[in-house]
file data_27.tsv (TSV, C-alpha atoms and all ligand atoms)
chain	number	residue	atom	x	y	z
Z	110	MET	CA	-3.39	-33.21	-20.04
Z	111	ALA	CA	-6.51	-31.51	-18.85
Z	112	GLU	CA	-7.77	-32.81	-15.55
Z	113	ALA	CA	-11.33	-32.77	-14.34
Z	114	ARG	CA	-10.85	-29.68	-12.23
Z	115	GLU	CA	-13.01	-26.61	-11.75
Z	116	PRO	CA	-12.35	-23.83	-14.25
Z	117	VAL	CA	-10.18	-20.97	-13.02
Z	118	THR	CA	-12.38	-18.05	-11.96
Z	119	THR	CA	-10.11	-15.98	-9.74
Z	120	LEU	CA	-6.51	-14.86	-9.80
Z	121	ASP	CA	-4.47	-13.89	-6.74
Z	122	THR	CA	-2.48	-10.79	-7.55
Z	123	PRO	CA	-0.96	-9.49	-4.32
Z	124	ILE	CA	0.65	-6.11	-4.64
Z	125	ARG	CA	3.43	-4.91	-2.39
Z	126	LEU	CA	5.13	-1.58	-1.95
Z	127	GLU	CA	8.25	-1.17	0.17
Z	128	TYR	CA	9.26	2.37	0.83
Z	129	LEU	CA	11.11	4.58	3.25
Z	130	PHE	CA	9.02	7.27	4.89
Z	131	SER	CA	10.91	10.39	5.87
Z	132	ALA	CA	9.26	12.37	8.64
Z	133	GLY	CA	11.09	15.59	7.79
Z	134	ILE	CA	12.93	17.88	10.21
Z	135	ALA	CA	9.93	19.47	11.94
Z	136	GLN	CA	7.93	16.33	12.43
Z	137	SER	CA	11.02	14.46	13.60
Z	138	LYS	CA	11.24	16.93	16.50
Z	139	ASN	CA	7.64	16.21	17.34
Z	140	LEU	CA	8.23	12.45	17.13
Z	141	ARG	CA	11.28	12.71	19.40
Z	142	GLY	CA	9.08	14.63	21.84
Z	143	LEU	CA	6.57	11.79	21.80
Z	144	ALA	CA	9.41	9.39	22.62
Z	145	GLU	CA	9.96	11.51	25.74
Z	146	GLY	CA	6.28	11.65	26.63
Z	147	ARG	CA	5.62	15.24	25.61
Z	148	PHE	CA	4.08	17.22	22.78
Z	149	VAL	CA	6.35	19.53	20.80
Z	150	GLY	CA	5.00	22.10	18.36
Z	151	GLN	CA	6.31	25.09	16.43
Z	152	ARG	CA	5.19	28.74	16.35
Z	153	CYS	CA	4.84	30.91	13.25
Z	154	PRO	CA	6.89	34.12	13.57
Z	155	VAL	CA	4.27	36.07	11.60
Z	156	CYS	CA	0.84	34.99	12.88
Z	157	SER	CA	2.07	33.41	16.16
Z	158	LYS	CA	-0.03	30.30	15.59
Z	159	VAL	CA	1.35	27.11	17.15
Z	160	TYR	CA	1.20	23.99	15.04
Z	161	VAL	CA	1.42	20.50	16.49
Z	162	PRO	CA	2.66	18.46	14.78
Z	163	SER	CA	4.36	21.12	12.71
Z	164	ARG	CA	5.24	20.63	9.09
Z	165	GLY	CA	8.06	23.16	9.38
Z	166	SER	CA	6.29	26.10	7.80
Z	167	CYS	CA	3.12	28.11	8.31
Z	168	PRO	CA	0.50	27.22	5.70
Z	169	VAL	CA	-0.97	30.74	5.96
Z	170	ASP	CA	2.20	32.84	5.84
Z	171	GLY	CA	4.53	30.49	4.02
Z	172	VAL	CA	7.43	31.13	6.37
Z	173	PRO	CA	9.55	28.65	8.39
Z	174	THR	CA	8.28	27.91	11.88
Z	175	ASP	CA	11.59	27.71	13.66
Z	176	GLU	CA	10.53	28.43	17.22
Z	177	GLU	CA	9.98	25.24	19.16
Z	178	VAL	CA	7.10	25.22	21.64
Z	179	ALA	CA	6.65	22.69	24.42
Z	180	LEU	CA	2.96	22.02	24.90
Z	181	GLY	CA	1.16	20.74	27.96
Z	182	ASN	CA	-0.61	17.48	28.48
Z	183	THR	CA	-4.15	18.86	28.49
Z	184	GLY	CA	-6.55	20.01	25.81
Z	185	THR	CA	-10.13	20.32	24.68
Z	186	VAL	CA	-12.30	18.10	22.52
Z	187	THR	CA	-13.38	20.32	19.61
Z	188	THR	CA	-15.34	17.65	17.78
Z	189	PHE	CA	-15.67	13.89	17.86
Z	190	CYS	CA	-17.28	10.86	16.30
Z	191	VAL	CA	-18.62	7.67	17.81
Z	192	VAL	CA	-17.28	4.56	16.10
Z	193	ASN	CA	-20.01	1.95	16.11
Z	194	VAL	CA	-19.05	-0.02	13.04
Z	195	PRO	CA	-17.01	-3.18	13.55
Z	196	PHE	CA	-14.30	-3.83	10.97
Z	197	ALA	CA	-11.60	-6.45	10.46
Z	198	GLY	CA	-8.54	-5.85	12.58
Z	199	GLN	CA	-10.35	-3.57	15.02
Z	200	SER	CA	-8.34	-3.42	18.22
Z	201	ILE	CA	-10.69	-1.36	20.40
Z	202	GLU	CA	-14.05	-2.43	21.72
Z	203	ILE	CA	-16.92	-0.50	20.11
Z	204	PRO	CA	-18.45	1.96	20.66
Z	205	TYR	CA	-15.42	4.20	21.05
Z	206	ILE	CA	-14.69	7.85	20.46
Z	207	VAL	CA	-12.27	9.41	18.04
Z	208	ALA	CA	-11.99	13.12	18.75
Z	209	GLN	CA	-10.13	16.17	17.56
Z	210	VAL	CA	-8.12	17.37	20.56
Z	211	LEU	CA	-6.90	20.95	20.71
Z	212	LEU	CA	-3.97	21.04	23.10
Z	213	ASP	CA	-3.79	24.06	25.37
Z	214	GLY	CA	-1.59	26.61	23.64
Z	215	ALA	CA	-1.94	25.00	20.22
Z	216	ASP	CA	-3.76	26.45	17.23
Z	217	ILE	CA	-4.52	23.21	15.48
Z	218	SER	CA	-6.18	20.05	16.70
Z	219	PHE	CA	-5.21	16.47	16.03
Z	220	MET	CA	-6.95	13.14	16.26
Z	221	GLY	CA	-7.04	11.26	19.53
Z	222	LEU	CA	-8.79	8.31	21.11
Z	223	ILE	CA	-10.99	9.19	24.10
Z	224	GLN	CA	-11.28	6.58	26.88
Z	225	GLU	CA	-12.23	6.32	30.57
Z	226	ILE	CA	-15.64	7.90	29.90
Z	227	PRO	CA	-18.81	6.29	28.50
Z	228	ALA	CA	-19.08	7.02	24.78
Z	229	ASP	CA	-22.44	8.75	25.17
Z	230	GLN	CA	-21.00	11.26	27.63
Z	231	VAL	CA	-18.26	12.61	25.37
Z	232	ARG	CA	-19.04	16.16	24.20
Z	233	MET	CA	-17.54	19.18	22.50
Z	234	GLY	CA	-15.63	21.25	25.04
Z	235	LEU	CA	-14.73	18.21	27.17
Z	236	ARG	CA	-11.41	18.81	28.90
Z	237	VAL	CA	-9.00	15.93	28.43
Z	238	GLU	CA	-5.42	14.91	29.19
Z	239	ALA	CA	-3.06	12.54	27.44
Z	240	VAL	CA	-2.40	9.16	29.00
Z	241	TRP	CA	0.99	7.91	27.94
Z	242	VAL	CA	2.24	4.36	27.69
Z	243	GLU	CA	4.73	3.07	30.25
Z	244	PRO	CA	8.12	4.84	30.03
Z	245	ASP	CA	9.84	1.78	28.60
Z	246	GLN	CA	7.20	1.61	25.88
Z	247	LEU	CA	7.61	5.19	24.69
Z	248	GLY	CA	8.71	5.63	21.10
Z	249	PRO	CA	8.79	8.23	18.31
Z	250	SER	CA	5.18	7.56	17.38
Z	251	MET	CA	1.64	8.56	18.30
Z	252	ALA	CA	1.38	5.05	19.74
Z	253	SER	CA	3.15	6.59	22.74
Z	254	VAL	CA	-0.18	8.23	23.60
Z	255	LYS	CA	-2.46	5.47	24.84
Z	256	HIS	CA	-5.49	7.72	24.78
Z	257	PHE	CA	-6.97	10.90	26.22
Z	258	ARG	CA	-9.19	10.89	29.30
Z	259	PRO	CA	-11.33	13.52	31.02
Z	260	THR	CA	-9.51	15.79	33.47
Z	261	GLY	CA	-12.65	16.47	35.48
Z	262	GLU	CA	-12.42	20.22	34.89
Z	263	PRO	CA	-15.51	22.16	33.79
Z	264	ASP	CA	-16.08	22.10	30.04
Z	265	ALA	CA	-14.31	24.73	27.97
Z	266	GLU	CA	-16.44	27.65	26.77
Z	267	TYR	CA	-17.44	27.24	23.15
Z	268	ALA	CA	-15.90	30.64	22.36
Z	269	SER	CA	-12.49	29.29	23.43
Z	270	TYR	CA	-12.36	26.70	20.65
Z	271	LYS	CA	-14.96	27.84	18.10
Z	272	ASP	CA	-12.23	28.91	15.69
Z	273	TYR	CA	-10.78	25.40	15.74
Z	274	THR	CA	-13.74	23.28	14.82
G	127	MET	CA	-0.23	11.73	8.49
G	128	PHE	CA	0.46	12.21	12.17
G	129	TYR	CA	-0.31	8.56	12.63
G	130	PHE	CA	2.21	7.38	10.11
G	131	LEU	CA	4.80	6.18	12.57
G	132	HIS	CA	2.49	3.79	14.33
G	133	GLY	CA	2.87	0.22	15.48
G	134	ALA	CA	2.47	-2.82	13.27
G	135	ARG	CA	-1.15	-3.54	12.56
G	136	LYS	CA	-3.47	-5.37	10.30
G	137	VAL	CA	-6.29	-3.46	8.68
G	138	ARG	CA	-8.94	-5.33	6.70
G	139	GLY	CA	-6.51	-8.20	6.31
G	140	ILE	CA	-3.83	-5.89	5.00
G	141	ASP	CA	-0.44	-6.15	6.61
G	142	CYS	CA	1.07	-2.78	7.27
G	143	GLU	CA	4.35	-3.87	8.79
G	144	GLU	CA	6.25	-0.57	8.86
G	145	VAL	CA	7.86	0.91	11.89
G	146	THR	CA	11.48	0.26	12.12
G	147	VAL	CA	12.41	3.72	13.15
G	148	ASP	CA	15.98	4.58	12.35
G	149	GLN	CA	17.28	6.74	15.15
G	150	THR	CA	20.91	6.42	14.16
G	151	ALA	CA	20.79	10.01	12.89
G	152	GLY	CA	21.39	11.28	16.41
G	153	ALA	CA	19.46	12.06	19.53
G	154	ASP	CA	18.62	15.71	18.86
G	155	GLU	CA	18.89	16.46	15.17
G	156	GLY	CA	18.41	14.62	11.96
G	157	VAL	CA	15.35	13.30	10.25
G	158	LEU	CA	13.58	10.19	11.39
G	159	THR	CA	12.78	7.64	8.75
G	160	SER	CA	10.68	4.53	8.86
G	161	ALA	CA	10.62	1.54	6.55
G	162	HIS	CA	7.06	0.92	5.45
G	163	VAL	CA	5.55	-2.04	3.68
G	164	LEU	CA	2.14	-1.72	2.14
G	165	GLU	CA	0.65	-4.94	0.87
G	166	TYR	CA	-2.74	-5.73	-0.58
G	167	PRO	CA	-3.76	-9.38	-1.01
G	168	TYR	CA	-5.96	-8.87	-4.05
G	169	SER	CA	-7.93	-11.77	-5.44
G	170	ARG	CA	-9.61	-10.75	-8.63
G	171	SER	CA	-12.45	-12.27	-10.56
G	172	VAL	CA	-11.18	-12.99	-14.04
G	173	GLY	CA	-14.35	-13.37	-16.10
G	174	PRO	CA	-15.21	-15.99	-18.73
G	175	VAL	CA	-12.51	-15.32	-21.31
G	176	ILE	CA	-9.42	-14.74	-19.16
G	177	GLY	CA	-10.77	-17.53	-16.94
G	178	ALA	CA	-10.69	-19.89	-19.90
G	179	PHE	CA	-7.22	-18.65	-20.83
G	180	LEU	CA	-5.92	-19.30	-17.29
G	181	THR	CA	-7.65	-22.68	-17.18
G	182	GLY	CA	-5.87	-23.46	-20.46
G	183	LEU	CA	-2.51	-22.48	-18.98
G	184	ARG	CA	-3.16	-24.76	-16.03
G	185	ASP	CA	-3.80	-27.51	-18.59
G	186	GLY	CA	-0.60	-26.64	-20.45
G	187	ARG	CA	-2.32	-24.98	-23.41
G	188	ILE	CA	-2.32	-21.40	-24.67
G	189	LEU	CA	-5.64	-20.07	-25.93
G	190	GLY	CA	-6.42	-17.07	-28.09
G	191	ALA	CA	-9.71	-15.43	-29.03
G	192	SER	CA	-10.94	-15.40	-32.62
G	193	GLY	CA	-11.53	-11.79	-33.53
G	194	SER	CA	-12.97	-10.06	-36.54
G	195	ASN	CA	-11.26	-10.37	-39.93
G	196	GLY	CA	-9.37	-13.52	-39.02
G	197	SER	CA	-7.43	-12.10	-36.08
G	198	VAL	CA	-6.49	-14.26	-33.10
G	199	VAL	CA	-5.93	-12.23	-29.95
G	200	VAL	CA	-3.55	-13.57	-27.27
G	201	PRO	CA	-4.09	-13.19	-24.36
G	202	PRO	CA	-7.74	-13.42	-25.34
G	203	THR	CA	-10.10	-10.49	-24.83
G	204	GLU	CA	-13.88	-10.40	-24.71
G	205	TYR	CA	-13.98	-7.78	-27.43
G	206	ASP	CA	-11.87	-7.36	-30.54
G	207	PRO	CA	-9.44	-4.52	-29.77
G	208	GLU	CA	-9.72	-3.15	-33.31
G	209	THR	CA	-13.41	-3.54	-34.16
G	210	ALA	CA	-14.88	-3.65	-30.64
G	211	GLU	CA	-17.06	-6.57	-31.71
G	212	ALA	CA	-17.42	-9.56	-29.39
G	213	THR	CA	-14.72	-12.13	-30.02
G	214	GLY	CA	-15.62	-15.64	-31.05
G	215	GLU	CA	-14.44	-19.06	-30.00
G	216	LEU	CA	-11.15	-19.71	-28.27
G	217	VAL	CA	-8.48	-21.47	-30.31
G	218	GLU	CA	-5.21	-23.04	-29.24
G	219	VAL	CA	-2.04	-21.22	-30.31
G	220	GLY	CA	1.69	-21.87	-29.88
G	221	PRO	CA	3.36	-23.22	-27.86
G	222	ALA	CA	6.10	-21.88	-30.19
G	223	GLY	CA	6.27	-18.40	-31.61
G	224	THR	CA	8.39	-15.56	-32.90
G	225	VAL	CA	9.94	-12.70	-30.93
G	226	THR	CA	8.65	-9.35	-32.20
G	227	SER	CA	10.46	-7.15	-29.70
G	228	TRP	CA	12.65	-7.53	-26.63
G	229	ALA	CA	14.54	-5.79	-23.83
G	230	TRP	CA	17.47	-7.30	-21.96
G	231	ILE	CA	17.37	-7.22	-18.16
G	232	ALA	CA	20.97	-7.47	-17.02
G	233	ASP	CA	20.21	-7.01	-13.33
G	234	PRO	CA	16.79	-8.42	-12.39
G	235	ALA	CA	14.97	-6.62	-9.58
G	236	PRO	CA	13.48	-8.50	-6.61
G	237	GLY	CA	10.21	-10.10	-7.56
G	238	GLN	CA	10.97	-10.34	-11.25
G	239	PRO	CA	10.30	-13.73	-12.84
G	240	LEU	CA	13.90	-14.95	-13.02
G	241	ASP	CA	16.76	-14.26	-10.63
G	242	HIS	CA	19.34	-14.29	-13.41
G	243	PRO	CA	19.58	-12.00	-16.45
G	244	PHE	CA	16.77	-12.49	-18.96
G	245	ALA	CA	14.86	-10.68	-21.70
G	246	TRP	CA	11.35	-9.31	-21.63
G	247	VAL	CA	9.94	-10.33	-24.98
G	248	LEU	CA	6.86	-9.82	-27.06
G	249	VAL	CA	6.08	-13.19	-28.63
G	250	ARG	CA	3.68	-13.71	-31.51
G	251	LEU	CA	2.63	-17.27	-30.91
G	252	ASP	CA	2.06	-19.49	-33.92
G	253	GLY	CA	-1.58	-19.03	-34.93
G	254	ALA	CA	-1.91	-15.63	-33.19
G	255	THR	CA	-2.03	-12.18	-34.76
G	256	THR	CA	-1.03	-10.29	-31.62
G	257	SER	CA	2.00	-10.60	-29.34
G	258	VAL	CA	2.06	-11.54	-25.68
G	259	LEU	CA	4.51	-10.15	-23.13
G	260	HIS	CA	6.59	-12.77	-21.40
G	261	VAL	CA	10.07	-13.76	-20.29
G	262	LEU	CA	12.79	-15.24	-22.46
G	263	ASP	CA	15.33	-17.32	-20.59
G	264	ALA	CA	18.37	-16.86	-22.81
G	265	PRO	CA	22.04	-17.04	-21.87
G	266	SER	CA	23.00	-13.58	-23.12
G	267	PRO	CA	21.64	-10.63	-25.13
G	268	SER	CA	23.79	-11.67	-28.06
G	269	GLU	CA	21.54	-14.70	-28.40
G	270	VAL	CA	18.34	-12.69	-28.56
G	271	ARG	CA	17.03	-11.04	-31.69
G	272	THR	CA	13.75	-9.91	-33.15
G	273	GLY	CA	12.45	-12.68	-35.35
G	274	MET	CA	14.03	-15.50	-33.34
G	275	ARG	CA	12.00	-18.63	-32.69
G	276	VAL	CA	11.02	-19.46	-29.11
G	277	ARG	CA	8.72	-21.87	-27.34
G	278	ALA	CA	6.84	-21.86	-24.04
G	279	ASP	CA	8.45	-23.83	-21.24
G	280	PHE	CA	5.61	-24.80	-18.91
G	281	LEU	CA	5.98	-25.61	-15.25
G	282	PRO	CA	5.27	-29.26	-14.39
G	283	ALA	CA	1.51	-29.97	-14.34
G	284	THR	CA	1.51	-30.38	-10.56
G	285	GLU	CA	2.84	-26.84	-10.12
G	286	ARG	CA	0.47	-25.09	-12.52
G	287	VAL	CA	-2.38	-23.19	-10.88
G	288	GLY	CA	-3.87	-21.08	-13.67
G	289	ARG	CA	-1.75	-17.95	-14.04
G	290	ILE	CA	0.63	-16.56	-16.64
G	291	GLN	CA	3.59	-17.78	-14.60
G	292	ASP	CA	2.46	-21.34	-15.39
G	293	ILE	CA	4.67	-20.66	-18.39
G	294	ARG	CA	7.99	-20.52	-16.53
G	295	ALA	CA	9.60	-18.73	-19.45
G	296	PHE	CA	10.05	-18.89	-23.17
G	297	VAL	CA	13.23	-20.55	-24.35
G	298	PRO	CA	15.06	-20.41	-27.69
G	299	ALA	CA	13.75	-22.95	-30.21
G	300	ASP	CA	15.58	-23.62	-33.46
G	301	ASP	CA	12.54	-25.16	-35.05
G	302	GLY	CA	12.83	-23.49	-38.45
G	303	GLY	CA	9.67	-21.42	-38.15
G	304	PRO	CA	5.95	-22.03	-37.77
G	305	GLY	CA	5.20	-25.58	-38.72
Z	401	ZN	ZN	1.65	32.11	10.20

call {"tool": "encode", "arguments": {"input": "data_27.tsv", "output": "C-alpha cells"}}
result
Amino acid sequence: MAEAREPVTTLDTPIRLEYLFSAGIAQSKNLRGLAEGRFVGQRCPVCSKVYVPSRGSCPVDGVPTDEEVALGNTGTVTTFCVVNVPFAGQSIEIPYIVAQVLLDGADISFMGLIQEIPADQVRMGLRVEAVWVEPDQLGPSMASVKHFRPTGEPDAEYASYKDYT
Amino acid sequence: MFYFLHGARKVRGIDCEEVTVDQTAGADEGVLTSAHVLEYPYSRSVGPVIGAFLTGLRDGRILGASGSNGSVVVPPTEYDPETAEATGELVEVGPAGTVTSWAWIADPAPGQPLDHPFAWVLVRLDGATTSVLHVLDAPSPSEVRTGMRVRADFLPATERVGRIQDIRAFVPADDGGPG
C-alpha cells in the first residue's frame, strides 16, 4: 500500500563503460620510453619533422614514421594557461600552469604542468626541463613526468618556436 | 590522448579507474593496452509524469497516461505521442497484460536484469493501448509466445525505491485474459 512518503522526483541512472584502450605500436614505444624516464619520438622520412608522442605516421605526408628519435629532457614553453578555477577532484593547488612544451629537437609540443616557479612568472619562451618521479615509480604513462621546471637558461628567441604556437 | 595512460583519479565525482597496463606483450615490442572504466553517476530529474509513474511503482501500482481518443500510454508521457496534445489524468493499468513481442536472451550479459536466461518482452498491460518493455522470467523460450498472458512480479515493498526495476520481472500468468 502507498505510504506517506515524498513523491519520486529523481532517478539514479549510473552509466558505466568498460573498455580496453590500445595505445598502438608507435605510442607504445613512447610509453615504454616514459617508463625508462625518457622521451621517445619518431621522425618523418619525407619532411623530417619529429613527432612526440608519435602516432606512427606523418599527418602531413601520410607515410610511416619508422625512425625512432631519442629526445632530450629540456624544452621551451610555447604557450600556457593559468588555472585559477577550483574544481572537484583537483589535485594541484591553484593557481597552477598548464603549458605546451616543445622539447628540443621535436616539431610538436605537448601539454605539461609547470612547477617550481610562481605562476605569474611563467612566460612564452621559458626554458624548462622534465622532472621525473622516483625510479621505482616510473611507468608507461605521462604520470612518470612529475612536472616541468625552469632550467635557468635565457628565454628562447620567439623565432625559434613561432612555428609551433 | 597523450594523457590516456594516467593514474587512477576522480574528476567531478567521476571514477576513472583505468590503468592496469598489460606489459606481458614483451619488453621491446608489442602494443600496450590498458583496461579503462568510465563511469558517470547520473541522477536525473524525472518531471511530474514519470515522477508519478515511479512513485506508483514504489507503491506497487502501474500508472498510464490518458491520451487523446481513448488511448492509455504506458509508461506515461506528458504529451500524446500520436496527437502531441497534453495527456490527461493518470490511470492504473495491469498488473497483468499480454505479450506483444519478445526476444529470448540465452546468455545474459553482465548488468542485465536477470542472471539466468530470460526474454525481453513488450507487454500491453490490461487497460493500456501501448506496450512497455520489460523482462519475462520464463523457464525456456518454448514457453514464451506472442499473445501469452503475464503479470508483474513486484519486489517486496521494503525494496522498492521508485524505478522500473521495482517490477522484478513479468511472469507467466494463466489467467484467461483481461478480466
Ligand atoms: Zn612528414

call {"tool": "residues_near_ligand", "arguments": {"input": "data_27.tsv", "ligand": "ligand ZN 401 (chain Z)", "cutoff": "8 Å", "atoms": "all atoms listed in the file", "output": "JSON, numbers by chain"}}
result
{"Z": [152, 153, 154, 155, 156, 157, 158, 166, 167, 168, 169, 170, 171, 172]}

call {"tool": "atom_distance", "arguments": {"input": "data_27.tsv", "atom1": "CA of Thr213 in chain G", "atom2": "CA of Gly173 in chain G"}}
result
14.0 Å

call {"tool": "atom_distance", "arguments": {"input": "data_27.tsv", "atom1": "CA of Leu235 in chain Z", "atom2": "CA of Val161 in chain Z"}}
result
19.5 Å

call {"tool": "closest_atom_pairs", "arguments": {"input": "data_27.tsv", "of": "chain Z", "to": "chain G", "cutoff": "8 Å", "atoms": "all atoms listed in the file", "output": "CSV"}}
result
residue,atom,partner,partner_atom,distance
Z:Met110,CA,G:Asp185,CA,5.9
Z:Ala111,CA,G:Asp185,CA,4.8
Z:Glu112,CA,G:Asp185,CA,7.3
Z:Pro116,CA,G:Thr181,CA,5.7
Z:Val117,CA,G:Thr181,CA,5.2
Z:Thr118,CA,G:Gly177,CA,5.3
Z:Thr119,CA,G:Ser171,CA,4.5
Z:Leu120,CA,G:Arg170,CA,5.3
Z:Asp121,CA,G:Ser169,CA,4.3
Z:Thr122,CA,G:Tyr168,CA,5.3
Z:Pro123,CA,G:Pro167,CA,4.3
Z:Ile124,CA,G:Tyr166,CA,5.3
Z:Arg125,CA,G:Glu165,CA,4.3
Z:Leu126,CA,G:Leu164,CA,5.1
Z:Glu127,CA,G:Val163,CA,4.5
Z:Tyr128,CA,G:His162,CA,5.3
Z:Leu129,CA,G:Ala161,CA,4.5
Z:Phe130,CA,G:Ser160,CA,5.1
Z:Ser131,CA,G:Thr159,CA,4.4
Z:Ala132,CA,G:Leu158,CA,5.6
Z:Gly133,CA,G:Val157,CA,5.4
Z:Ile134,CA,G:Val157,CA,5.2
Z:Ser137,CA,G:Leu158,CA,5.4
Z:Lys138,CA,G:Glu155,CA,7.8
Z:Arg141,CA,G:Asp154,CA,7.9
Z:Pro162,CA,G:Phe128,CA,7.1
Z:Phe196,CA,G:Arg138,CA,7.0
Z:Ala197,CA,G:Arg138,CA,4.7
Z:Gly198,CA,G:Val137,CA,5.1
Z:Gln199,CA,G:Val137,CA,7.5
Z:Pro249,CA,G:Leu131,CA,7.3
Z:Ser250,CA,G:Leu131,CA,5.0
Z:Met251,CA,G:Tyr129,CA,6.0
Z:Ala252,CA,G:His132,CA,5.7

call {"tool": "residues_around", "arguments": {"input": "data_27.tsv", "residues": "range 267-270 of chain G", "least_positions_apart": "4", "cutoff": "12 Å", "atoms": "all atoms listed in the file", "output": "list in words"}}
result
Thr224, Val225, Thr226, Ser227, Trp228, Ala229, Trp230, Ile231, Ala232, Pro243, Phe244, Ala245, Trp246, Val247, Leu248, Val261, Leu262, Asp263, Met274, Arg275, Val276, Phe296, Val297, Pro298, Ala299 and Asp300 of chain G

call {"tool": "closest_residue", "arguments": {"input": "data_27.tsv", "among": "Z:Phe189, Z:Tyr270, Z:Tyr160, Z:Trp241", "to": "Ser253 in chain Z", "atoms": "only C-alpha atoms"}}
result
Z:Trp241

call {"tool": "atom_distance", "arguments": {"input": "data_27.tsv", "atom1": "CA of Phe280 in chain G", "atom2": "CA of Gly220 in chain G"}}
result
12.0 Å

call {"tool": "closest_residue", "arguments": {"input": "data_27.tsv", "among": "Z:Met233, Z:Ile203, Z:Leu140, Z:Leu247", "to": "Arg164 in chain Z", "atoms": "all atoms listed in the file"}}
result
Z:Leu140
